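Asks: Got a structure for you, structure11.pdb, holding PDB, C-alpha atoms, pLDDT in the B column.
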ATOM      1  CA  MET A   1     -12.221 -12.126 110.257  1.00 75.00           C
ATOM      2  CA  ILE A   2     -14.997 -10.965 112.546  1.00 82.00           C
ATOM      3  CA  SER A   3     -17.659  -8.517 111.452  1.00 83.00           C
ATOM      4  CA  THR A   4     -20.687  -7.242 113.354  1.00 91.00           C
ATOM      5  CA  SER A   5     -23.527  -4.982 112.354  1.00 92.00           C
ATOM      6  CA  SER A   6     -25.724  -3.259 114.900  1.00 93.00           C
ATOM      7  CA  VAL A   7     -28.932  -1.288 114.524  1.00 92.00           C
ATOM      8  CA  PHE A   8     -29.818   0.900 117.481  1.00 92.00           C
ATOM      9  CA  PRO A   9     -33.364   1.754 118.663  1.00 92.00           C
ATOM     10  CA  ASN A  10     -32.957   5.342 117.444  1.00 91.00           C
ATOM     11  CA  GLY A  11     -32.323   4.082 113.869  1.00 88.00           C
ATOM     12  CA  HIS A  12     -28.556   4.507 113.740  1.00 92.00           C
ATOM     13  CA  SER A  13     -26.506   1.588 112.494  1.00 93.00           C
ATOM     14  CA  SER A  14     -22.904   0.606 112.982  1.00 92.00           C
ATOM     15  CA  THR A  15     -20.633  -1.983 111.393  1.00 89.00           C
ATOM     16  CA  TRP A  16     -17.387  -3.164 112.951  1.00 89.00           C
ATOM     17  CA  GLU A  17     -14.757  -5.369 111.316  1.00 86.00           C
ATOM     18  CA  SER A  18     -11.722  -6.855 113.022  1.00 86.00           C
ATOM     19  CA  GLN A  19      -9.588  -5.779 110.057  1.00 86.00           C
ATOM     20  CA  LYS A  20      -9.899  -3.922 106.785  1.00 88.00           C
ATOM     21  CA  CYS A  21     -10.281  -5.760 103.502  1.00 87.00           C
ATOM     22  CA  HIS A  22      -9.165  -5.158  99.946  1.00 83.00           C
ATOM     23  CA  HIS A  23     -11.754  -6.522  97.509  1.00 84.00           C
ATOM     24  CA  GLY A  24     -12.920  -8.976 100.171  1.00 83.00           C
ATOM     25  CA  MET A  25      -9.429 -10.150 101.160  1.00 85.00           C
ATOM     26  CA  PRO A  26      -8.263  -9.358 104.717  1.00 87.00           C
ATOM     27  CA  TRP A  27      -5.155  -7.148 104.747  1.00 91.00           C
ATOM     28  CA  ALA A  28      -3.596  -9.301 107.462  1.00 91.00           C
ATOM     29  CA  ASN A  29      -3.257 -12.117 104.911  1.00 92.00           C
ATOM     30  CA  VAL A  30      -0.991  -9.923 102.766  1.00 93.00           C
ATOM     31  CA  LEU A  31       0.955  -8.793 105.835  1.00 94.00           C
ATOM     32  CA  VAL A  32       1.491 -12.372 107.045  1.00 95.00           C
ATOM     33  CA  ALA A  33       2.546 -13.518 103.555  1.00 96.00           C
ATOM     34  CA  GLY A  34       5.038 -10.654 103.403  1.00 96.00           C
ATOM     35  CA  ALA A  35       6.358 -11.394 106.881  1.00 96.00           C
ATOM     36  CA  ILE A  36       6.931 -15.043 105.986  1.00 97.00           C
ATOM     37  CA  VAL A  37       8.761 -14.169 102.750  1.00 95.00           C
ATOM     38  CA  PHE A  38      10.854 -11.330 104.172  1.00 95.00           C
ATOM     39  CA  SER A  39      11.885 -13.324 107.249  1.00 96.00           C
ATOM     40  CA  GLY A  40      13.102 -16.183 105.064  1.00 94.00           C
ATOM     41  CA  ALA A  41      10.864 -18.628 106.902  1.00 95.00           C
ATOM     42  CA  ASN A  42       9.483 -21.743 105.262  1.00 96.00           C
ATOM     43  CA  ALA A  43       5.870 -20.988 104.330  1.00 95.00           C
ATOM     44  CA  SER A  44       4.550 -24.510 104.874  1.00 95.00           C
ATOM     45  CA  LYS A  45       6.142 -24.786 108.311  1.00 96.00           C
ATOM     46  CA  SER A  46       4.946 -21.316 109.298  1.00 96.00           C
ATOM     47  CA  LEU A  47       1.357 -22.114 108.330  1.00 95.00           C
ATOM     48  CA  ILE A  48       1.542 -25.429 110.231  1.00 95.00           C
ATOM     49  CA  LEU A  49       2.764 -23.485 113.292  1.00 96.00           C
ATOM     50  CA  PHE A  50      -0.250 -21.170 113.059  1.00 95.00           C
ATOM     51  CA  ARG A  51      -2.554 -24.189 112.781  1.00 93.00           C
ATOM     52  CA  HIS A  52      -0.961 -25.752 115.904  1.00 96.00           C
ATOM     53  CA  LEU A  53      -1.511 -22.468 117.731  1.00 96.00           C
ATOM     54  CA  ASN A  54      -5.165 -22.775 116.719  1.00 95.00           C
ATOM     55  CA  LEU A  55      -5.028 -19.563 114.703  1.00 91.00           C
ATOM     56  CA  GLN A  56      -7.179 -19.234 111.620  1.00 88.00           C
ATOM     57  CA  MET A  57      -4.780 -18.801 108.734  1.00 90.00           C
ATOM     58  CA  MET A  58      -4.661 -18.928 104.957  1.00 92.00           C
ATOM     59  CA  SER A  59      -3.880 -22.103 103.030  1.00 94.00           C
ATOM     60  CA  ILE A  60      -0.574 -22.696 101.248  1.00 95.00           C
ATOM     61  CA  SER A  61      -2.312 -22.072  97.899  1.00 95.00           C
ATOM     62  CA  THR A  62      -3.594 -18.708  99.143  1.00 94.00           C
ATOM     63  CA  PHE A  63      -0.102 -17.897 100.412  1.00 95.00           C
ATOM     64  CA  SER A  64       1.363 -18.725  96.990  1.00 96.00           C
ATOM     65  CA  ARG A  65      -1.227 -16.564  95.242  1.00 95.00           C
ATOM     66  CA  LEU A  66      -0.583 -13.623  97.590  1.00 95.00           C
ATOM     67  CA  GLN A  67       3.164 -14.031  97.197  1.00 95.00           C
ATOM     68  CA  ALA A  68       2.888 -13.950  93.391  1.00 96.00           C
ATOM     69  CA  SER A  69       0.256 -11.185  93.262  1.00 94.00           C
ATOM     70  CA  TYR A  70       1.423  -8.799  95.983  1.00 94.00           C
ATOM     71  CA  VAL A  71       4.671  -9.616  97.802  1.00 95.00           C
ATOM     72  CA  VAL A  72       6.987 -10.282  94.846  1.00 95.00           C
ATOM     73  CA  PRO A  73       5.696  -7.392  92.664  1.00 96.00           C
ATOM     74  CA  ALA A  74       5.985  -4.992  95.635  1.00 95.00           C
ATOM     75  CA  SER A  75       9.545  -6.181  96.290  1.00 94.00           C
ATOM     76  CA  ILE A  76      10.536  -5.732  92.643  1.00 94.00           C
ATOM     77  CA  PHE A  77       8.942  -2.272  92.522  1.00 96.00           C
ATOM     78  CA  THR A  78      10.730  -1.214  95.713  1.00 95.00           C
ATOM     79  CA  TRP A  79      14.101  -2.533  94.514  1.00 94.00           C
ATOM     80  CA  ASP A  80      13.722  -0.839  91.102  1.00 95.00           C
ATOM     81  CA  PHE A  81      12.883   2.483  92.778  1.00 96.00           C
ATOM     82  CA  HIS A  82      15.793   2.138  95.225  1.00 94.00           C
ATOM     83  CA  GLN A  83      18.210   1.171  92.431  1.00 95.00           C
ATOM     84  CA  GLN A  84      17.170   4.136  90.247  1.00 95.00           C
ATOM     85  CA  THR A  85      17.712   6.465  93.210  1.00 95.00           C
ATOM     86  CA  LEU A  86      21.194   5.023  93.860  1.00 93.00           C
ATOM     87  CA  LEU A  87      22.236   5.158  90.205  1.00 93.00           C
ATOM     88  CA  ALA A  88      21.065   8.779  89.935  1.00 94.00           C
ATOM     89  CA  GLU A  89      23.038   9.608  93.104  1.00 92.00           C
ATOM     90  CA  TYR A  90      26.246   8.123  91.662  1.00 93.00           C
ATOM     91  CA  GLN A  91      25.818   9.310  88.074  1.00 92.00           C
ATOM     92  CA  GLY A  92      28.879  11.177  86.804  1.00 92.00           C
ATOM     93  CA  ARG A  93      31.003  10.186  89.815  1.00 91.00           C
ATOM     94  CA  SER A  94      34.059   7.990  89.827  1.00 92.00           C
ATOM     95  CA  LEU A  95      33.231   4.771  91.660  1.00 92.00           C
ATOM     96  CA  THR A  96      35.136   1.878  93.135  1.00 93.00           C
ATOM     97  CA  LEU A  97      33.105  -1.233  92.401  1.00 93.00           C
ATOM     98  CA  GLY A  98      33.436  -4.795  93.595  1.00 94.00           C
ATOM     99  CA  GLY A  99      31.465  -7.844  92.609  1.00 92.00           C
ATOM    100  CA  ASP A 100      31.077 -11.409  93.763  1.00 89.00           C
ATOM    101  CA  ALA A 101      29.188 -14.475  92.675  1.00 82.00           C
ATOM    102  CA  ARG A 102      27.603 -17.216  94.753  1.00 80.00           C
ATOM    103  CA  CYS A 103      26.100 -20.502  93.739  1.00 77.00           C
ATOM    104  CA  ASP A 104      23.439 -22.461  95.591  1.00 72.00           C
ATOM    105  CA  SER A 105      25.738 -25.477  95.795  1.00 68.00           C
ATOM    106  CA  PRO A 106      29.475 -25.915  95.391  1.00 61.00           C
ATOM    107  CA  GLY A 107      31.064 -27.533  92.367  1.00 59.00           C
ATOM    108  CA  PHE A 108      29.653 -28.205  88.953  1.00 61.00           C
ATOM    109  CA  THR A 109      26.052 -28.960  89.957  1.00 64.00           C
ATOM    110  CA  ALA A 110      24.833 -25.491  90.883  1.00 66.00           C
ATOM    111  CA  LYS A 111      21.337 -24.709  89.607  1.00 75.00           C
ATOM    112  CA  PHE A 112      21.164 -21.046  90.638  1.00 78.00           C
ATOM    113  CA  GLY A 113      23.763 -18.341  91.028  1.00 81.00           C
ATOM    114  CA  SER A 114      23.661 -14.732  92.133  1.00 84.00           C
ATOM    115  CA  TYR A 115      26.054 -11.936  91.271  1.00 87.00           C
ATOM    116  CA  THR A 116      26.214  -8.790  93.379  1.00 91.00           C
ATOM    117  CA  LEU A 117      27.819  -5.465  92.448  1.00 92.00           C
ATOM    118  CA  MET A 118      28.682  -3.115  95.318  1.00 94.00           C
ATOM    119  CA  GLU A 119      30.033   0.421  95.514  1.00 94.00           C
ATOM    120  CA  LEU A 120      32.898  -0.218  97.917  1.00 94.00           C
ATOM    121  CA  SER A 121      33.309   3.169  99.611  1.00 92.00           C
ATOM    122  CA  SER A 122      29.661   3.306 100.720  1.00 92.00           C
ATOM    123  CA  GLY A 123      28.958  -0.440 100.901  1.00 93.00           C
ATOM    124  CA  LYS A 124      25.741   0.030  98.909  1.00 93.00           C
ATOM    125  CA  ILE A 125      24.550  -2.685  96.537  1.00 93.00           C
ATOM    126  CA  LEU A 126      24.049  -1.198  93.066  1.00 93.00           C
ATOM    127  CA  ASP A 127      22.897  -4.310  91.253  1.00 93.00           C
ATOM    128  CA  PHE A 128      22.389  -8.022  91.621  1.00 88.00           C
ATOM    129  CA  GLN A 129      21.526 -10.649  89.090  1.00 87.00           C
ATOM    130  CA  LEU A 130      20.088 -14.109  89.568  1.00 83.00           C
ATOM    131  CA  VAL A 131      21.134 -16.657  86.959  1.00 80.00           C
ATOM    132  CA  GLN A 132      19.760 -20.146  86.416  1.00 78.00           C
ATOM    133  CA  SER A 133      22.205 -22.705  85.075  1.00 71.00           C
ATOM    134  CA  ASN A 134      19.973 -23.523  82.099  1.00 74.00           C
ATOM    135  CA  GLU A 135      20.403 -19.899  80.890  1.00 67.00           C
ATOM    136  CA  VAL A 136      24.127 -20.511  80.262  1.00 61.00           C
ATOM    137  CA  PRO A 137      26.178 -23.344  78.723  1.00 64.00           C
ATOM    138  CA  GLY A 138      26.946 -24.752  82.199  1.00 59.00           C
ATOM    139  CA  SER A 139      27.001 -23.841  85.869  1.00 50.00           C
ATOM    140  CA  THR A 140      30.646 -22.750  85.589  1.00 53.00           C
ATOM    141  CA  HIS A 141      29.521 -19.934  83.233  1.00 56.00           C
ATOM    142  CA  MET A 142      27.010 -18.417  85.666  1.00 50.00           C
ATOM    143  CA  GLU A 143      29.451 -15.857  87.095  1.00 54.00           C
ATOM    144  CA  LEU A 144      30.260 -14.528  83.621  1.00 58.00           C
ATOM    145  CA  GLU A 145      26.550 -14.201  82.827  1.00 54.00           C
ATOM    146  CA  GLY A 146      25.886 -12.355  86.102  1.00 50.00           C
TER     147      GLY A 146
END
Would you write out, as structure tokens, the structure that this file holds?
Replies:
Amino acid sequence: MISTSSVFPNGHSSTWESQKCHHGMPWANVLVAGAIVFSGANASKSLILFRHLNLQMMSISTFSRLQASYVVPASIFTWDFHQQTLLAEYQGRSLTLGGDARCDSPGFTAKFGSYTLMELSSGKILDFQLVQSNEVPGSTHMELEG
């Protein structure tokens, strides 16, 4: 980040910063961390790309801290708000629901699974659950847990 302070002969002063900060942290760091997460890009490879382009960028530990402190909580807050709005919209109505489960690997060795519930006439996702295989007796039980 670049910052300059100027004092003019008439006594006026001016400070310019290349970007705004939040408690000393440049906002662009949060925006870049969010962009990496939301694009599905690999954080380590993205940060290496920035380094090869000779761009000053945060470290992987800073990225991880920003992801845990800002990006993930903001995503959860946004999803919770969106889900509450959808559920209120459909409350008291007759719905046609469909659900499906996916595992991160086929067969009996899956570590993670996700279950999605959709309102079929609108195509809107009403809920999704992420299940880790150690939360259930075995990976074959993940769909039931979801």
Asks: Evaluate the PyMOL selection byres ((chain A and resi 69-82) around 8) against this structure - the residues, as a list in words, please.
Replies: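 On the file shown, the PyMOL selection byres ((chain A and resi 69-82) around 8) covers Val30, Ala33, Gly34, Val37, Arg65, Leu66, Gln67, Ala68, Gln83, Gln84, Thr85 and Leu86 of chain A.
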Asks: I'd like the neighbourhood of range 126-135 of chain A as a PyMOL selection string, where a residue qualifies if any of its atoms comes within 6 Å (using all atoms listed in the file), though same-chain residues fewer than 4 positions away should be ignored.
Replies: chain A and resi 111-118+139+146
Asks: Using all atoms listed in the file, which residue out of A:Met1, A:Ile60, A:Leu53, A:Ile48 lies closest to Pro26 in chain A?
Replies: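 Of the candidates, the smallest distance to Pro26 in chain A is held by A:Met1.
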Asks: Quick one, how far is CA of Ile36 in chain A from CA of Asp104 in chain A?
Replies: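 If I compute the distance from CA of Ile36 in chain A to CA of Asp104 in chain A, I get 20.9 Å.
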Asks: Tell me which protein, DNA and RNA residues are within 10 Å of Ser46 in chain A, counting only C-alpha atoms, leaving out same-chain ones fewer than 3 positions away, and put them as a list in words.
Replies: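 These residues fall inside the cut-off: Val32, Ala33, Ile36, Ala41, Asn42, Ala43, Leu49, Phe50, Arg51, His52 and Ile60 of chain A.
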Asks: Using all atoms listed in the file, pick whichever of A:Ser121, A:Ser14, A:Gln56, A:Ser44 has the shortest atom-to-atom distance to Tyr90 in chain A.
Replies: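 Smallest distance to Tyr90 in chain A is found for A:Ser121.
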Asks: Which of these residues is nearest to Thr62 in chain A, using all atoms listed in the file: A:Ser122, A:Asn29, A:Thr4, A:Thr96?
Replies: A:Asn29
Asks: List the residues matched by the PyMOL selection byres ((chain A and resi 16) around 7) in the displayed structure as JSON, numbers by chain, ordered by chain and then by residue number.
Replies: {"A": [3, 4, 5, 14, 15, 17, 18]}
Asks: Would you work out the distance separating CA of Ile125 in chain A from CA of Leu95 in chain A, expressed in Å to one decimal?
Replies: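 Separation between CA of Ile125 in chain A and CA of Leu95 in chain A: 12.4 Å.
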Asks: Give me, please, the distance in Å between CA of Ala35 in chain A and CA of His23 in chain A, quoted to one decimal.
Replies: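 Atom-to-atom, CA of Ala35 in chain A and CA of His23 in chain A are spaced 21.0 Å apart.
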